[in-house]
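work-v1.pdb, holding PDB, C-alpha atoms, pLDDT in the B column:
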MODEL        1
ATOM      1  CA  MET Y 110     -66.773 -38.517  48.183  1.00 73.00           C
ATOM      2  CA  SER Y 111     -64.758 -36.302  45.862  1.00 87.00           C
ATOM      3  CA  LEU Y 112     -65.427 -32.924  44.347  1.00 92.00           C
ATOM      4  CA  ALA Y 113     -65.247 -34.533  40.893  1.00 89.00           C
ATOM      5  CA  SER Y 114     -68.393 -36.506  41.742  1.00 94.00           C
ATOM      6  CA  ILE Y 115     -70.279 -33.193  42.154  1.00 96.00           C
ATOM      7  CA  LEU Y 116     -68.496 -30.803  39.750  1.00 97.00           C
ATOM      8  CA  SER Y 117     -67.054 -31.440  36.304  1.00 96.00           C
ATOM      9  CA  ALA Y 118     -63.282 -31.697  36.003  1.00 95.00           C
ATOM     10  CA  ASP Y 119     -63.316 -29.145  33.145  1.00 97.00           C
ATOM     11  CA  ALA Y 120     -65.221 -26.611  35.250  1.00 97.00           C
ATOM     12  CA  ILE Y 121     -62.840 -27.106  38.188  1.00 97.00           C
ATOM     13  CA  ASP Y 122     -59.839 -26.647  35.854  1.00 97.00           C
ATOM     14  CA  SER Y 123     -61.341 -23.464  34.425  1.00 97.00           C
ATOM     15  CA  ALA Y 124     -61.967 -22.017  37.899  1.00 98.00           C
ATOM     16  CA  ILE Y 125     -58.443 -22.892  39.097  1.00 97.00           C
ATOM     17  CA  LYS Y 126     -56.821 -21.382  35.978  1.00 97.00           C
ATOM     18  CA  ASP Y 127     -58.780 -18.154  36.449  1.00 97.00           C
ATOM     19  CA  CYS Y 128     -57.164 -17.483  39.834  1.00 97.00           C
ATOM     20  CA  GLN Y 129     -53.599 -18.710  39.283  1.00 95.00           C
ATOM     21  CA  ALA Y 130     -52.042 -15.272  39.764  1.00 96.00           C
ATOM     22  CA  PRO Y 131     -51.353 -14.214  43.364  1.00 94.00           C
ATOM     23  CA  ASP Y 132     -54.188 -12.207  44.943  1.00 96.00           C
ATOM     24  CA  SER Y 133     -56.528 -12.910  42.010  1.00 97.00           C
ATOM     25  CA  PHE Y 134     -58.956 -15.205  43.862  1.00 98.00           C
ATOM     26  CA  CYS Y 135     -62.587 -14.066  44.000  1.00 97.00           C
ATOM     27  CA  GLN Y 136     -64.863 -16.606  45.669  1.00 96.00           C
ATOM     28  CA  LYS Y 137     -68.012 -15.506  43.807  1.00 96.00           C
ATOM     29  CA  LYS Y 138     -66.329 -15.880  40.421  1.00 97.00           C
ATOM     30  CA  PHE Y 139     -64.692 -19.153  41.458  1.00 98.00           C
ATOM     31  CA  PHE Y 140     -68.034 -20.659  42.533  1.00 98.00           C
ATOM     32  CA  GLN Y 141     -69.616 -19.573  39.231  1.00 98.00           C
ATOM     33  CA  LEU Y 142     -66.791 -20.928  37.074  1.00 98.00           C
ATOM     34  CA  CYS Y 143     -66.619 -24.307  38.817  1.00 97.00           C
ATOM     35  CA  GLY Y 144     -70.407 -24.658  38.540  1.00 98.00           C
ATOM     36  CA  LEU Y 145     -71.167 -24.728  42.259  1.00 98.00           C
ATOM     37  CA  THR Y 146     -73.691 -21.867  42.041  1.00 97.00           C
ATOM     38  CA  THR Y 147     -75.939 -24.054  39.866  1.00 97.00           C
ATOM     39  CA  LYS Y 148     -75.936 -27.024  42.240  1.00 97.00           C
ATOM     40  CA  SER Y 149     -78.603 -27.990  44.741  1.00 97.00           C
ATOM     41  CA  PRO Y 150     -78.299 -26.938  48.393  1.00 97.00           C
ATOM     42  CA  GLU Y 151     -77.580 -30.611  49.183  1.00 97.00           C
ATOM     43  CA  ASP Y 152     -74.642 -30.696  46.752  1.00 97.00           C
ATOM     44  CA  VAL Y 153     -73.280 -27.431  48.183  1.00 97.00           C
ATOM     45  CA  LYS Y 154     -73.361 -29.001  51.662  1.00 97.00           C
ATOM     46  CA  LYS Y 155     -71.525 -32.061  50.310  1.00 96.00           C
ATOM     47  CA  VAL Y 156     -68.807 -29.752  48.973  1.00 97.00           C
ATOM     48  CA  PHE Y 157     -68.639 -28.052  52.371  1.00 97.00           C
ATOM     49  CA  LEU Y 158     -68.068 -31.416  54.070  1.00 96.00           C
ATOM     50  CA  ILE Y 159     -65.164 -32.095  51.692  1.00 94.00           C
ATOM     51  CA  LEU Y 160     -63.670 -28.668  52.438  1.00 95.00           C
ATOM     52  CA  ASP Y 161     -63.999 -29.227  56.205  1.00 96.00           C
ATOM     53  CA  ASN Y 162     -60.704 -31.089  56.305  1.00 93.00           C
ATOM     54  CA  ASP Y 163     -60.643 -31.734  60.061  1.00 95.00           C
ATOM     55  CA  GLY Y 164     -64.327 -32.746  60.303  1.00 96.00           C
ATOM     56  CA  SER Y 165     -65.105 -30.068  62.908  1.00 97.00           C
ATOM     57  CA  GLY Y 166     -68.305 -28.943  61.177  1.00 97.00           C
ATOM     58  CA  PHE Y 167     -66.638 -25.642  60.301  1.00 98.00           C
ATOM     59  CA  VAL Y 168     -64.069 -24.364  57.821  1.00 97.00           C
ATOM     60  CA  GLU Y 169     -61.482 -22.378  59.734  1.00 96.00           C
ATOM     61  CA  GLU Y 170     -58.936 -19.911  58.366  1.00 94.00           C
ATOM     62  CA  LYS Y 171     -56.177 -22.525  58.295  1.00 94.00           C
ATOM     63  CA  GLU Y 172     -58.377 -24.746  56.083  1.00 95.00           C
ATOM     64  CA  LEU Y 173     -59.339 -21.810  53.829  1.00 96.00           C
ATOM     65  CA  LYS Y 174     -55.686 -21.192  52.913  1.00 96.00           C
ATOM     66  CA  PHE Y 175     -55.689 -24.575  51.161  1.00 96.00           C
ATOM     67  CA  PHE Y 176     -59.165 -24.107  49.637  1.00 96.00           C
ATOM     68  CA  LEU Y 177     -57.973 -24.259  46.001  1.00 97.00           C
ATOM     69  CA  GLN Y 178     -55.896 -27.368  46.686  1.00 95.00           C
ATOM     70  CA  ARG Y 179     -59.022 -29.211  47.802  1.00 95.00           C
ATOM     71  CA  PHE Y 180     -60.302 -28.695  44.233  1.00 96.00           C
ATOM     72  CA  SER Y 181     -56.977 -29.420  42.523  1.00 95.00           C
ATOM     73  CA  PRO Y 182     -53.916 -30.742  44.395  1.00 93.00           C
ATOM     74  CA  GLY Y 183     -51.483 -28.711  42.255  1.00 94.00           C
ATOM     75  CA  ALA Y 184     -53.267 -25.409  42.852  1.00 96.00           C
ATOM     76  CA  ARG Y 185     -51.688 -22.563  44.791  1.00 97.00           C
ATOM     77  CA  VAL Y 186     -52.311 -21.667  48.426  1.00 97.00           C
ATOM     78  CA  LEU Y 187     -54.487 -18.584  49.029  1.00 98.00           C
ATOM     79  CA  SER Y 188     -52.624 -15.529  50.287  1.00 97.00           C
ATOM     80  CA  ASP Y 189     -53.305 -14.198  53.782  1.00 97.00           C
ATOM     81  CA  LYS Y 190     -55.223 -11.303  52.199  1.00 97.00           C
ATOM     82  CA  GLU Y 191     -57.388 -13.631  50.086  1.00 97.00           C
ATOM     83  CA  THR Y 192     -58.018 -15.925  53.048  1.00 97.00           C
ATOM     84  CA  LYS Y 193     -59.148 -13.037  55.273  1.00 96.00           C
ATOM     85  CA  GLU Y 194     -61.399 -11.600  52.522  1.00 96.00           C
ATOM     86  CA  PHE Y 195     -62.948 -15.037  51.951  1.00 97.00           C
ATOM     87  CA  MET Y 196     -63.545 -15.470  55.696  1.00 97.00           C
ATOM     88  CA  CYS Y 197     -65.118 -11.994  56.002  1.00 96.00           C
ATOM     89  CA  ALA Y 198     -67.414 -12.678  53.034  1.00 95.00           C
ATOM     90  CA  ALA Y 199     -68.769 -15.914  54.519  1.00 96.00           C
ATOM     91  CA  ASP Y 200     -68.515 -15.623  58.307  1.00 97.00           C
ATOM     92  CA  ASP Y 201     -71.912 -14.030  59.005  1.00 96.00           C
ATOM     93  CA  ASP Y 202     -71.797 -14.513  62.776  1.00 97.00           C
ATOM     94  CA  SER Y 203     -68.155 -13.332  63.113  1.00 96.00           C
ATOM     95  CA  ASP Y 204     -67.019 -16.396  65.053  1.00 97.00           C
ATOM     96  CA  GLY Y 205     -63.867 -16.806  62.939  1.00 96.00           C
ATOM     97  CA  ARG Y 206     -65.064 -19.882  61.078  1.00 97.00           C
ATOM     98  CA  ILE Y 207     -67.529 -20.774  58.331  1.00 98.00           C
ATOM     99  CA  GLY Y 208     -70.404 -23.126  59.098  1.00 98.00           C
ATOM    100  CA  ALA Y 209     -72.267 -25.192  56.522  1.00 97.00           C
ATOM    101  CA  ASP Y 210     -75.216 -22.791  56.452  1.00 97.00           C
ATOM    102  CA  GLU Y 211     -72.929 -19.771  56.015  1.00 97.00           C
ATOM    103  CA  PHE Y 212     -71.103 -21.520  53.184  1.00 97.00           C
ATOM    104  CA  GLN Y 213     -74.347 -22.486  51.472  1.00 97.00           C
ATOM    105  CA  ALA Y 214     -75.711 -18.932  51.801  1.00 96.00           C
ATOM    106  CA  MET Y 215     -72.531 -17.459  50.302  1.00 96.00           C
ATOM    107  CA  VAL Y 216     -72.411 -19.882  47.357  1.00 97.00           C
ATOM    108  CA  LEU Y 217     -76.096 -19.685  46.475  1.00 94.00           C
ATOM    109  CA  SER Y 218     -76.595 -15.916  46.999  1.00 90.00           C
TER     110      SER Y 218
ENDMDL
END

Would you mind writing the file out in structure tokens?
Amino acid sequence: MSLASILSADAIDSAIKDCQAPDSFCQKKFFQLCGLTTKSPEDVKKVFLILDNDGSGFVEEKELKFFLQRFSPGARVLSDKETKEFMCAADDDSDGRIGADEFQAMVLS
């Protein structure tokens, strides 16, 4: 499964272009621009499974750094600051990783 089967390529491009500058990534805005906030909970979970690169059932900080590249291979890597802010915004139970339910809650809130 690919992200392009859930989100439109134009919407992904728009979201990636919006956060090209270093330290300009905002997950809420990114999710809105790529169209993820309008998807069903099932589609959001499918996206989570794609982002969970190692198949652990969680997205860890090391996977978050490459978040944008999962949407577009040529995209930049998130800065340490952006990665930590993203983790803090989603990691409700403070275990240092984002579970599928935490991801879904963040995207659809």

Spatial neighbours of Y:Cys135, max dist 10 Å, all atoms listed in the file, sep filter under 6 positions, as number ranges by chain: Y: 127-128, 191, 194-195

What lies within 8 Å of Y:Asp122 using all atoms listed in the file, ignoring chain neighbours under 3 positions off, as a VMD selection string? chain Y and resid 118 to 119 125 to 126 143 181

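The residues caught by the PyMOL selection byres ((chain Y and resi 111-115) around 9) in this file are Y:Met110, Y:Leu116, Y:Ser117, Y:Ala118, Y:Ile121, Y:Leu145, Y:Lys148, Y:Asp152, Y:Val153, Y:Lys155, Y:Val156, Y:Ile159, Y:Arg179, Y:Phe180.
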
Selected residues written out with C-alpha atoms, as a short mmCIF file (atom, residue, chain, number, x, y, z; two decimals), keeping the file's coordinate frame:
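And here is the file that came out, again16.cif:
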data_model
loop_
_atom_site.label_atom_id
_atom_site.label_comp_id
_atom_site.auth_asym_id
_atom_site.auth_seq_id
_atom_site.Cartn_x
_atom_site.Cartn_y
_atom_site.Cartn_z
CA MET Y 110 -66.77 -38.52 48.18
CA LEU Y 116 -68.50 -30.80 39.75
CA SER Y 117 -67.05 -31.44 36.30
CA ALA Y 118 -63.28 -31.70 36.00
CA ILE Y 121 -62.84 -27.11 38.19
CA LEU Y 145 -71.17 -24.73 42.26
CA LYS Y 148 -75.94 -27.02 42.24
CA ASP Y 152 -74.64 -30.70 46.75
CA VAL Y 153 -73.28 -27.43 48.18
CA LYS Y 155 -71.53 -32.06 50.31
CA VAL Y 156 -68.81 -29.75 48.97
CA ILE Y 159 -65.16 -32.10 51.69
CA ARG Y 179 -59.02 -29.21 47.80
CA PHE Y 180 -60.30 -28.70 44.23
#

Give me, please, the distance in Å between atom CA of Y:Glu151 and atom CA of Y:Ile207, quoted to one decimal. 16.8 Å

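Of note, atom CA of Y:Leu158 and atom CA of Y:Asp132 are spaced 25.4 Å apart.
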
Exactly which residues make up the result of the PyMOL selection byres ((chain Y and resi 170) around 8) on this file, given as a list in words? Val168, Glu169, Lys171, Glu172, Leu173, Lys174, Thr192, Lys193, Met196, Gly205 and Arg206 of chain Y

Go ahead and find all residues with at least one atom no further than 7 Å from (-67.7, -19.9, 51.8) in the file's coordinates, using all atoms listed in the file; report them as a PyMOL selection string. chain Y and resi 195+199+207+211-212+215-216

Starting from the shown file, work through the PyMOL selection byres ((chain Y and resi 186) around 7) and note down what comes out as an MDAnalysis selection string. chainID Y and resid 174:175 177:178 184:185 187:188

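The coordinates place atom CA of Y:Asp163 at 25.5 Å from atom CA of Y:Gln129.
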
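The residue that comes closest to Y:Thr146, out of Y:Ala198, Y:Ala120, Y:Ser133, Y:Asn162 and on the basis of all atoms listed in the file, is Y:Ala120.
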
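Comparing Y:Ala214, Y:Phe157, Y:Asp189, Y:Thr147 by their smallest distance to Y:Asp201, the closest is Y:Ala214 (using only C-alpha atoms).
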
Hey, could you pull the box centre and edge lengths for stretch 183-189 of chain Y, axis-aligned, 8 Å padding per side, all listed atoms, to one decimal in Å, as JSON?
{"center_x": -53.0, "center_y": -21.5, "center_z": 48.0, "size_x": 19.0, "size_y": 30.5, "size_z": 27.5}

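Among the candidate residues Y:Pro150, Y:Pro131, Y:Gly208, Y:Pro182, the one lying nearest to Y:Ser165 is Y:Gly208, with distances computed using all atoms listed in the file.
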